[in-house]
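work-v3.cif follows (mmCIF, C-alpha atoms and all ligand atoms):
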```cif
data_upload
loop_
_atom_site.group_PDB
_atom_site.id
_atom_site.type_symbol
_atom_site.label_atom_id
_atom_site.label_comp_id
_atom_site.auth_asym_id
_atom_site.auth_seq_id
_atom_site.Cartn_x
_atom_site.Cartn_y
_atom_site.Cartn_z
ATOM 1 C CA MET A 5 -89.067 33.361 258.085
ATOM 2 C CA LEU A 6 -92.417 32.760 256.421
ATOM 3 C CA LEU A 7 -93.046 33.897 252.880
ATOM 4 C CA THR A 8 -96.127 35.957 252.165
ATOM 5 C CA ALA A 9 -98.736 34.923 249.601
ATOM 6 C CA ASP A 10 -97.408 37.718 247.336
ATOM 7 C CA GLN A 11 -93.854 36.378 247.532
ATOM 8 C CA ILE A 12 -95.034 32.870 246.667
ATOM 9 C CA ALA A 13 -97.073 34.219 243.737
ATOM 10 C CA HIS A 14 -94.035 36.245 242.575
ATOM 11 C CA PHE A 15 -91.916 33.085 242.481
ATOM 12 C CA HIS A 16 -94.482 31.063 240.545
ATOM 13 C CA THR A 17 -95.198 33.836 238.028
ATOM 14 C CA HIS A 18 -91.743 35.293 237.484
ATOM 15 C CA GLY A 19 -89.588 32.291 238.348
ATOM 16 C CA TYR A 20 -87.486 33.867 241.078
ATOM 17 C CA LEU A 21 -87.679 35.485 244.487
ATOM 18 C CA ILE A 22 -85.110 37.445 246.468
ATOM 19 C CA VAL A 23 -85.343 36.916 250.228
ATOM 20 C CA GLU A 24 -83.353 39.651 251.966
ATOM 21 C CA HIS A 25 -81.426 38.842 255.143
ATOM 22 C CA LEU A 26 -82.213 35.136 255.187
ATOM 23 C CA PHE A 27 -78.959 34.995 257.159
ATOM 24 C CA THR A 28 -77.452 37.991 258.875
ATOM 25 C CA ALA A 29 -74.373 39.733 257.476
ATOM 26 C CA ASP A 30 -72.374 38.347 260.433
ATOM 27 C CA GLU A 31 -73.549 34.809 259.761
ATOM 28 C CA ALA A 32 -72.674 35.171 256.079
ATOM 29 C CA ALA A 33 -69.223 36.504 257.031
ATOM 30 C CA ARG A 34 -68.666 33.493 259.298
ATOM 31 C CA ILE A 35 -69.710 31.028 256.573
ATOM 32 C CA ARG A 36 -67.434 32.838 254.141
ATOM 33 C CA ALA A 37 -64.481 32.729 256.543
ATOM 34 C CA ILE A 38 -64.911 28.959 256.954
ATOM 35 C CA THR A 39 -65.191 28.548 253.187
ATOM 36 C CA ALA A 40 -61.921 30.443 252.776
ATOM 37 C CA ALA A 41 -60.117 28.639 255.614
ATOM 38 C CA ASP A 42 -61.023 25.011 254.900
ATOM 39 C CA PRO A 43 -58.195 23.418 252.896
ATOM 40 C CA ASP A 44 -60.506 20.599 251.719
ATOM 41 C CA ILE A 45 -62.735 23.135 250.013
ATOM 42 C CA ALA A 46 -59.739 24.768 248.328
ATOM 43 C CA GLU A 47 -58.509 21.359 247.209
ATOM 44 C CA ARG A 48 -61.863 20.395 245.704
ATOM 45 C CA ALA A 49 -62.254 23.699 243.835
ATOM 46 C CA LYS A 50 -62.023 23.211 240.099
ATOM 47 C CA PHE A 51 -62.125 25.483 237.115
ATOM 48 C CA ASN A 52 -64.837 25.141 234.486
ATOM 49 C CA SER A 53 -64.291 26.519 231.012
ATOM 50 C CA ASN A 54 -67.772 27.897 230.490
ATOM 51 C CA TYR A 55 -66.924 29.704 227.289
ATOM 52 C CA ASP A 56 -65.741 28.396 223.975
ATOM 53 C CA GLU A 57 -63.669 30.406 221.544
ATOM 54 C CA ASN A 58 -66.809 31.875 219.965
ATOM 55 C CA THR A 59 -68.103 33.394 223.177
ATOM 56 C CA ARG A 60 -67.999 37.176 223.499
ATOM 57 C CA GLY A 61 -64.550 38.541 222.758
ATOM 58 C CA GLY A 62 -62.273 38.863 225.723
ATOM 59 C CA THR A 63 -64.007 36.449 228.084
ATOM 60 C CA SER A 64 -63.423 33.114 226.419
ATOM 61 C CA GLY A 65 -60.135 32.545 228.235
ATOM 62 C CA ILE A 66 -61.564 33.156 231.718
ATOM 63 C CA ASP A 67 -62.453 30.078 233.732
ATOM 64 C CA THR A 68 -65.125 29.710 236.404
ATOM 65 C CA ARG A 69 -64.070 28.440 239.851
ATOM 66 C CA LEU A 70 -66.458 26.253 241.798
ATOM 67 C CA VAL A 71 -66.763 23.408 244.286
ATOM 68 C CA TYR A 72 -69.489 20.833 243.601
ATOM 69 C CA THR A 73 -70.837 18.696 246.464
ATOM 70 C CA PRO A 74 -73.535 16.075 245.849
ATOM 71 C CA THR A 75 -73.815 14.927 249.489
ATOM 72 C CA LEU A 76 -74.745 16.331 252.886
ATOM 73 C CA ASP A 77 -71.879 15.957 255.326
ATOM 74 C CA ASP A 78 -70.996 17.273 258.773
ATOM 75 C CA ASP A 79 -69.876 20.718 257.671
ATOM 76 C CA THR A 80 -71.057 24.296 257.383
ATOM 77 C CA HIS A 81 -72.333 24.241 253.807
ATOM 78 C CA SER A 82 -74.363 21.105 254.559
ATOM 79 C CA ALA A 83 -75.709 22.614 257.774
ATOM 80 C CA VAL A 84 -77.008 25.576 255.768
ATOM 81 C CA ALA A 85 -78.645 23.122 253.333
ATOM 82 C CA ARG A 86 -80.392 21.421 256.241
ATOM 83 C CA SER A 87 -81.371 24.661 257.949
ATOM 84 C CA GLN A 88 -84.993 25.517 258.445
ATOM 85 C CA ARG A 89 -84.157 29.041 257.370
ATOM 86 C CA LEU A 90 -83.242 27.921 253.884
ATOM 87 C CA THR A 91 -85.716 25.049 253.486
ATOM 88 C CA ALA A 92 -88.891 26.467 255.069
ATOM 89 C CA PRO A 93 -89.375 28.946 252.169
ATOM 90 C CA LEU A 94 -88.741 26.102 249.710
ATOM 91 C CA GLU A 95 -91.403 23.998 251.388
ATOM 92 C CA GLN A 96 -93.809 26.886 251.081
ATOM 93 C CA LEU A 97 -92.947 27.382 247.404
ATOM 94 C CA PHE A 98 -93.463 23.698 246.565
ATOM 95 C CA GLY A 99 -96.205 22.965 249.117
ATOM 96 C CA ASP A 100 -94.121 19.893 249.873
ATOM 97 C CA LYS A 101 -91.040 18.731 251.736
ATOM 98 C CA VAL A 102 -87.788 19.059 249.787
ATOM 99 C CA ARG A 103 -84.803 16.846 249.025
ATOM 100 C CA HIS A 104 -81.274 18.165 248.617
ATOM 101 C CA TYR A 105 -79.652 17.288 245.294
ATOM 102 C CA TYR A 106 -76.288 19.082 245.356
ATOM 103 C CA HIS A 107 -74.654 22.319 246.346
ATOM 104 C CA LEU A 108 -72.016 24.494 244.752
ATOM 105 C CA ALA A 109 -69.648 27.029 246.189
ATOM 106 C CA THR A 110 -69.138 29.490 243.366
ATOM 107 C CA LEU A 111 -65.910 31.251 244.267
ATOM 108 C CA LYS A 112 -66.052 34.017 241.735
ATOM 109 C CA ASN A 113 -62.797 35.819 242.330
ATOM 110 C CA PRO A 114 -61.757 38.879 240.322
ATOM 111 C CA GLN A 115 -60.878 37.910 236.766
ATOM 112 C CA THR A 116 -62.748 34.605 236.865
ATOM 113 C CA GLY A 117 -65.616 33.678 234.661
ATOM 114 C CA GLY A 118 -69.375 33.468 234.620
ATOM 115 C CA TRP A 119 -72.064 31.380 233.024
ATOM 116 C CA GLN A 120 -73.930 31.487 229.753
ATOM 117 C CA TYR A 121 -77.720 31.268 229.721
ATOM 118 C CA HIS A 122 -79.141 27.948 230.869
ATOM 119 C CA GLN A 123 -81.888 26.421 232.983
ATOM 120 C CA ASP A 124 -80.943 24.191 235.896
ATOM 121 C CA TYR A 125 -83.726 21.771 234.904
ATOM 122 C CA GLY A 126 -82.172 21.923 231.430
ATOM 123 C CA TYR A 127 -79.215 20.177 233.047
ATOM 124 C CA HIS A 128 -81.222 17.856 235.281
ATOM 125 C CA TYR A 129 -84.209 16.880 233.132
ATOM 126 C CA LYS A 130 -82.891 13.340 232.759
ATOM 127 C CA GLU A 131 -82.900 12.762 236.500
ATOM 128 C CA PHE A 132 -86.298 14.210 237.485
ATOM 129 C CA PHE A 133 -89.744 13.700 235.988
ATOM 130 C CA ARG A 134 -91.119 17.118 236.881
ATOM 131 C CA PRO A 135 -89.584 20.609 236.880
ATOM 132 C CA SER A 136 -90.322 21.041 240.596
ATOM 133 C CA PHE A 137 -86.667 21.926 241.023
ATOM 134 C CA CYS A 138 -85.384 25.055 242.714
ATOM 135 C CA SER A 139 -81.943 26.504 243.272
ATOM 136 C CA VAL A 140 -81.109 28.879 246.094
ATOM 137 C CA MET A 141 -78.180 31.263 245.805
ATOM 138 C CA LEU A 142 -76.959 32.511 249.178
ATOM 139 C CA ALA A 143 -74.644 35.521 248.835
ATOM 140 C CA LEU A 144 -71.441 35.464 250.889
ATOM 141 C CA ASP A 145 -70.081 38.646 249.256
ATOM 142 C CA PRO A 146 -72.056 41.563 247.855
ATOM 143 C CA ALA A 147 -73.202 40.459 244.388
ATOM 144 C CA THR A 148 -73.450 43.444 242.066
ATOM 145 C CA ARG A 149 -73.625 44.178 238.364
ATOM 146 C CA ASP A 150 -69.909 44.951 238.512
ATOM 147 C CA ASN A 151 -68.765 41.617 239.906
ATOM 148 C CA GLY A 152 -71.128 39.387 237.962
ATOM 149 C CA CYS A 153 -74.333 38.954 239.944
ATOM 150 C CA LEU A 154 -76.819 36.438 238.622
ATOM 151 C CA ARG A 155 -79.023 37.616 235.765
ATOM 152 C CA VAL A 156 -82.420 36.004 235.249
ATOM 153 C CA VAL A 157 -84.966 36.340 232.456
ATOM 154 C CA ARG A 158 -88.132 37.194 234.307
ATOM 155 C CA ASP A 159 -91.065 34.865 233.387
ATOM 156 C CA SER A 160 -88.863 32.523 231.328
ATOM 157 C CA ASN A 161 -89.800 29.752 233.761
ATOM 158 C CA GLN A 162 -93.095 29.725 231.862
ATOM 159 C CA LEU A 163 -91.395 28.532 228.659
ATOM 160 C CA GLY A 164 -90.880 24.991 229.905
ATOM 161 C CA ARG A 165 -87.634 23.162 229.539
ATOM 162 C CA LEU A 166 -85.612 24.298 226.510
ATOM 163 C CA GLU A 167 -83.124 22.308 224.435
ATOM 164 C CA HIS A 168 -79.576 22.559 225.741
ATOM 165 C CA LEU A 169 -76.310 22.069 223.922
ATOM 166 C CA SER A 170 -72.678 21.832 224.967
ATOM 167 C CA SER A 171 -70.485 24.900 224.983
ATOM 168 C CA GLY A 172 -67.121 24.576 226.700
ATOM 169 C CA SER A 173 -67.811 22.750 229.956
ATOM 170 C CA GLN A 174 -71.325 24.162 230.106
ATOM 171 C CA LEU A 175 -74.715 23.200 228.774
ATOM 172 C CA ILE A 176 -76.347 26.282 227.270
ATOM 173 C CA ALA A 177 -79.983 26.862 226.371
ATOM 174 C CA ASP A 178 -80.768 27.022 222.650
ATOM 175 C CA PRO A 179 -79.329 30.472 221.715
ATOM 176 C CA GLN A 180 -82.160 31.221 219.273
ATOM 177 C CA ARG A 181 -84.755 30.718 222.041
ATOM 178 C CA VAL A 182 -82.638 32.715 224.494
ATOM 179 C CA ALA A 183 -82.570 35.604 221.994
ATOM 180 C CA LEU A 184 -86.370 35.431 221.682
ATOM 181 C CA ALA A 185 -86.747 35.350 225.451
ATOM 182 C CA LEU A 186 -84.508 38.415 225.776
ATOM 183 C CA ASP A 187 -86.567 40.210 223.095
ATOM 184 C CA GLU A 188 -89.874 39.529 224.806
ATOM 185 C CA MET A 189 -89.019 39.412 228.509
ATOM 186 C CA ASP A 190 -87.053 41.476 230.997
ATOM 187 C CA GLU A 191 -83.569 40.588 232.108
ATOM 188 C CA VAL A 192 -83.143 41.210 235.843
ATOM 189 C CA HIS A 193 -79.778 41.692 237.552
ATOM 190 C CA CYS A 194 -80.198 40.065 240.955
ATOM 191 C CA GLU A 195 -77.964 42.119 243.212
ATOM 192 C CA LEU A 196 -77.649 40.617 246.687
ATOM 193 C CA GLN A 197 -76.188 41.618 250.022
ATOM 194 C CA PRO A 198 -74.278 38.967 252.000
ATOM 195 C CA GLY A 199 -76.818 36.735 253.762
ATOM 196 C CA SER A 200 -79.593 37.444 251.256
ATOM 197 C CA ALA A 201 -80.844 34.666 249.025
ATOM 198 C CA LEU A 202 -82.219 34.258 245.536
ATOM 199 C CA TYR A 203 -84.665 31.379 245.036
ATOM 200 C CA PHE A 204 -84.906 30.528 241.339
ATOM 201 C CA HIS A 205 -87.029 27.968 239.540
ATOM 202 C CA GLY A 206 -85.436 25.095 237.614
ATOM 203 C CA ASN A 207 -86.838 26.420 234.338
ATOM 204 C CA ILE A 208 -85.805 30.067 234.650
ATOM 205 C CA LEU A 209 -83.108 31.162 232.217
ATOM 206 C CA HIS A 210 -80.138 32.527 234.125
ATOM 207 C CA ALA A 211 -76.555 33.535 233.459
ATOM 208 C CA SER A 212 -73.855 35.681 234.961
ATOM 209 C CA ASP A 213 -71.078 37.835 233.588
ATOM 210 C CA PRO A 214 -67.421 37.179 234.292
ATOM 211 C CA ASN A 215 -66.114 39.079 237.266
ATOM 212 C CA LEU A 216 -63.954 41.802 235.748
ATOM 213 C CA SER A 217 -63.985 43.866 238.956
ATOM 214 C CA GLU A 218 -61.605 43.861 241.932
ATOM 215 C CA GLN A 219 -64.295 42.532 244.334
ATOM 216 C CA SER A 220 -64.857 38.786 244.745
ATOM 217 C CA ARG A 221 -68.374 37.401 244.411
ATOM 218 C CA TRP A 222 -68.568 34.240 246.450
ATOM 219 C CA ALA A 223 -71.904 32.487 246.870
ATOM 220 C CA LEU A 224 -73.370 29.110 247.731
ATOM 221 C CA ILE A 225 -75.956 27.573 245.424
ATOM 222 C CA TYR A 226 -78.224 24.819 246.717
ATOM 223 C CA ALA A 227 -80.281 22.636 244.379
ATOM 224 C CA PHE A 228 -83.432 21.006 245.772
ATOM 225 C CA VAL A 229 -86.330 19.037 244.362
ATOM 226 C CA ALA A 230 -89.818 18.716 245.769
ATOM 227 C CA ALA A 231 -90.074 15.467 247.722
ATOM 228 C CA GLY A 232 -92.977 14.413 245.480
ATOM 229 C CA ASN A 233 -90.925 14.817 242.289
ATOM 230 C CA THR A 234 -90.386 11.351 240.830
ATOM 231 C CA VAL A 235 -86.743 10.486 240.322
ATOM 232 C CA VAL A 236 -86.341 8.990 236.855
ATOM 233 C CA LEU A 237 -82.900 7.425 237.257
ATOM 234 C CA PRO A 238 -82.616 4.681 239.912
ATOM 235 C CA GLU A 239 -78.960 5.535 240.559
ATOM 236 C CA VAL A 240 -80.005 9.088 241.468
ATOM 237 C CA GLU A 241 -82.832 7.883 243.722
ATOM 238 C CA GLU A 242 -80.348 5.648 245.545
ATOM 239 C CA LYS A 243 -78.077 8.581 246.357
ATOM 240 C CA LEU A 244 -80.718 11.196 247.149
ATOM 241 C CA GLY A 245 -81.363 11.507 250.856
ATOM 242 C CA PRO A 246 -84.762 11.723 252.573
ATOM 243 C CA PRO A 247 -86.569 15.073 252.785
ATOM 244 C CA THR A 248 -84.548 17.544 254.850
ATOM 245 C CA ALA A 249 -85.582 17.732 258.493
ATOM 246 C CA GLY A 250 -85.163 21.518 258.787
ATOM 247 C CA TRP A 251 -82.479 22.166 261.380
ATOM 248 C CA SER A 252 -83.006 24.807 264.039
ATOM 249 C CA ASP A 253 -80.585 27.756 264.311
ATOM 250 C CA GLU A 254 -78.991 26.023 267.325
ATOM 251 C CA GLU A 255 -78.288 22.859 265.333
ATOM 252 C CA VAL A 256 -76.796 24.894 262.485
ATOM 253 C CA LEU A 257 -74.623 26.880 264.885
ATOM 254 C CA ALA A 258 -73.367 23.681 266.549
ATOM 255 C CA ALA A 259 -72.354 22.302 263.132
ATOM 256 C CA ILE A 260 -70.572 25.562 262.262
ATOM 257 C CA GLU A 261 -68.662 25.414 265.552
ATOM 258 C CA ARG A 262 -67.680 21.753 264.908
ATOM 259 C CA HIS A 263 -66.413 22.765 261.478
ATOM 260 C CA GLU A 264 -64.392 25.678 262.862
ATOM 261 C CA ARG A 265 -62.838 23.360 265.494
ATOM 262 C CA ALA A 266 -62.015 20.751 262.840
ATOM 263 C CA ILE A 267 -60.198 23.388 260.759
ATOM 264 C CA ARG A 268 -58.282 24.638 263.804
ATOM 265 C CA ASP A 269 -57.309 21.102 264.901
ATOM 266 C CA ARG A 270 -55.921 19.969 261.566
HETATM 267 O O1 LIG B 301 -72.512 31.446 240.044
HETATM 268 C C1 LIG B 301 -73.071 31.922 239.053
HETATM 269 O O2 LIG B 301 -72.870 33.058 238.681
HETATM 270 C C2 LIG B 301 -74.065 31.121 238.248
HETATM 271 C C3 LIG B 301 -74.212 29.711 238.673
HETATM 272 C C4 LIG B 301 -75.263 29.001 237.905
HETATM 273 O O3 LIG B 301 -75.759 29.481 236.939
HETATM 274 C C5 LIG B 301 -75.735 27.703 238.334
HETATM 275 O O4 LIG B 301 -75.214 27.147 239.318
HETATM 276 O O5 LIG B 301 -76.666 27.176 237.714
#
```
Take the structure I supplied and represent it as structure tokens, if you would.
Ligand SMILES: O=C(O)CCC(=O)C(=O)O
Amino acid sequence: MLLTADQIAHFHTHGYLIVEHLFTADEAARIRAITAADPDIAERAKFNSNYDENTRGGTSGIDTRLVYTPTLDDDTHSAVARSQRLTAPLEQLFGDKVRHYYHLATLKNPQTGGWQYHQDYGYHYKEFFRPSFCSVMLALDPATRDNGCLRVVRDSNQLGRLEHLSSGSQLIADPQRVALALDEMDEVHCELQPGSALYFHGNILHASDPNLSEQSRWALIYAFVAAGNTVVLPEVEEKLGPPTAGWSDEEVLAAIERHERAIRDR
């Protein structure tokens, strides 16, 4: 799927781009089923306390469930990371090859938490010299306002990297600057259908509400850097793989089938 010049311009101006149907609904359902069935994923899921006691009344006790993976392995989530479908738009956005940094499964079940405003490059400034950093959220469930879809502050990517401070287990962007951004810019609720993807720049402010609905909001989030982005920390350079090759649909499907077999054969 090739992005149009307008889509690329939208990303660079506003800091985000929704690509509908990057994967089909059936493909998303299959990835979700594997995510739910793999006991290793369940075992690695942890809860983050993204709110401290001062955060909005009522939500401070709700934790955020996620699985963090810094490597590419022989499994479904890694196959999606390597897939041409996901990486070809990134290559267009950066005008460069891309390197995978990490991925997250955000398993936002009913009555689990969200995220306060932050920038992903706010977290990862120490590792990378330039903000040519992009995250891709692939929806596995419908993501709606009700179940805590991602919210972005349109154009906030143009502010540069803001100061971040600790709050619970999160780093949050300077609240005074976030308030200014919300005064001057539009907050966009990025609702997604399963299989659709949100590409968002490392410097865009984003957050999500806790899921207080009855509908889960599972998603995968992939963090990539442009291949030409200098890695500041040698220990990060050592671990970062080469630019992704861009797997064909057949290669991705074969990896998904291997993963399904591995789960069945346990
Ligand atoms: O899953 C979410 O709602 C937000 C995740 C997020 O903000 C992040 O991974 O940077």
> Which is closest to ligand LIG 301 (chain B) among A:Tyr20, A:Phe98, A:Trp119, A:Phe15, if we use all atoms listed in the file?
Replying inline: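 Under the stated criterion, the closest residue is A:Trp119.
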>> Taking only C-alpha atoms and all ligand atoms and a cut-off of 8 Å, can you tell me which residues surround ligand LIG 301 (chain B), written as a list in words?
In response: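 Protein and nucleic-acid residues within 8 Å of ligand LIG 301 (chain B): Leu108, Thr110, Leu111, Lys112, Gly118, Trp119, Gln120, Tyr121, His122, Gln123, Asp124, Ser139, Gly152, Cys153, Leu154, His210, Ala211, Ser212, Asp213, Ala223 and Ile225 of chain A.
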> What does the distance between CA of Asn54 (chain A) and CA of Leu196 (chain A) come to in Å, to one decimal place?
Replying inline: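 Separation of CA of Asn54 (chain A) and CA of Leu196 (chain A): 22.8 Å.
Minimum atom-to-atom distances from A:Asn233, A:His18, A:Asp42, A:His128 to Ile208 (chain A) were compared using only C-alpha atoms, and the lowest value belongs to A:His18.
Nearest residue to Glu188 (chain A) among A:Asp145, A:Glu24, A:Asp159, A:Glu167 is A:Asp159, counting only C-alpha atoms.
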>> As a check of understanding, name the residues that the PyMOL selection byres (((chain A and resi 194) around 8) and not hetatm) selects in the supplied structure, as a PyMOL selection string.
In response: chain A and resi 22+147-148+153-156+192-193+195-196+202
Is it possible to get the axis-aligned box enclosing region 38-41 of chain A (all listed atoms, 3 Å extra per side) as AutoDock Vina command-line options, with centre and edge lengths in Å rounded to one decimal?
```
--center_x -62.7 --center_y 29.5 --center_z 254.9 --size_x 11.1 --size_y 7.9 --size_z 10.2
```
>> Give me, as an MDAnalysis selection string, all polymer residues having an atom no more than 12 Å from Ala29 (chain A), counting all atoms listed in the file and skipping those fewer than 5 positions away in the same chain.
In response: chainID A and resid 24 34:36 142:146 196:201
Selected residues written out with C-alpha atoms, as a PDB file, keeping the file's coordinate frame:
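Ended up saving to selection31.pdb:
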```pdb
ATOM      1  CA  GLU A  24     -83.353  39.651 251.966  1.00  0.00           C
ATOM      2  CA  ARG A  34     -68.666  33.493 259.298  1.00  0.00           C
ATOM      3  CA  ILE A  35     -69.710  31.028 256.573  1.00  0.00           C
ATOM      4  CA  ARG A  36     -67.434  32.838 254.141  1.00  0.00           C
ATOM      5  CA  LEU A 142     -76.959  32.511 249.178  1.00  0.00           C
ATOM      6  CA  ALA A 143     -74.644  35.521 248.835  1.00  0.00           C
ATOM      7  CA  LEU A 144     -71.441  35.464 250.889  1.00  0.00           C
ATOM      8  CA  ASP A 145     -70.081  38.646 249.256  1.00  0.00           C
ATOM      9  CA  PRO A 146     -72.056  41.563 247.855  1.00  0.00           C
ATOM     10  CA  LEU A 196     -77.649  40.617 246.687  1.00  0.00           C
ATOM     11  CA  GLN A 197     -76.188  41.618 250.022  1.00  0.00           C
ATOM     12  CA  PRO A 198     -74.278  38.967 252.000  1.00  0.00           C
ATOM     13  CA  GLY A 199     -76.818  36.735 253.762  1.00  0.00           C
ATOM     14  CA  SER A 200     -79.593  37.444 251.256  1.00  0.00           C
ATOM     15  CA  ALA A 201     -80.844  34.666 249.025  1.00  0.00           C
TER      16      ALA A 201
END
```
>> Once the PyMOL selection byres (((chain A and resi 235) around 6) and not hetatm) has been evaluated on this model, what residues remain selected, and can you format them as a list in words?
In response: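 Evaluating the PyMOL selection byres (((chain A and resi 235) around 6) and not hetatm) on these coordinates yields Glu131, Phe132, Thr234, Val236, Leu237 and Glu241 of chain A.
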>> Residues near Ala46 (chain A), anyone? I mean within 12 Å using all atoms listed in the file, not counting same-chain ones fewer than 5 positions away, as a list in words.
In response: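 That gives Ile38, Thr39, Ala40, Ala41, Phe51, Arg69, Leu70, Val71, Tyr72, Ala109, Thr110 and Leu111 of chain A.
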> So which residues get picked by the PyMOL selection byres (((chain A and resi 246) around 9) and not hetatm) here, written as a ChimeraX atom specification?
Replying inline: /A:102-104,231,244-245,247-249
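Of the listed residues A:Leu166, A:Leu216, A:Leu184, A:Leu97, the one whose atoms come nearest to Ala9 (chain A) is A:Leu97, with distances taken using only C-alpha atoms.
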> Taking all atoms listed in the file into account, which of A:Leu26, A:Met141, A:Ala177, A:Val256 comes nearest Pro93 (chain A)?
Replying inline: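 Ranked by minimum distance to Pro93 (chain A), first place goes to A:Leu26.
Contact shell of Asp100 (chain A) at 9 Å (all atoms listed in the file; same-chain neighbours under 3 positions omitted): A:Leu94, A:Glu95, A:Gln96, A:Leu97, A:Ala230, A:Ala231, A:Gly232.
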>> Please compute the CA of Asp79 (chain A)-CA of Ile260 (chain A) distance, one decimal, in Å.
In response: 6.7 Å
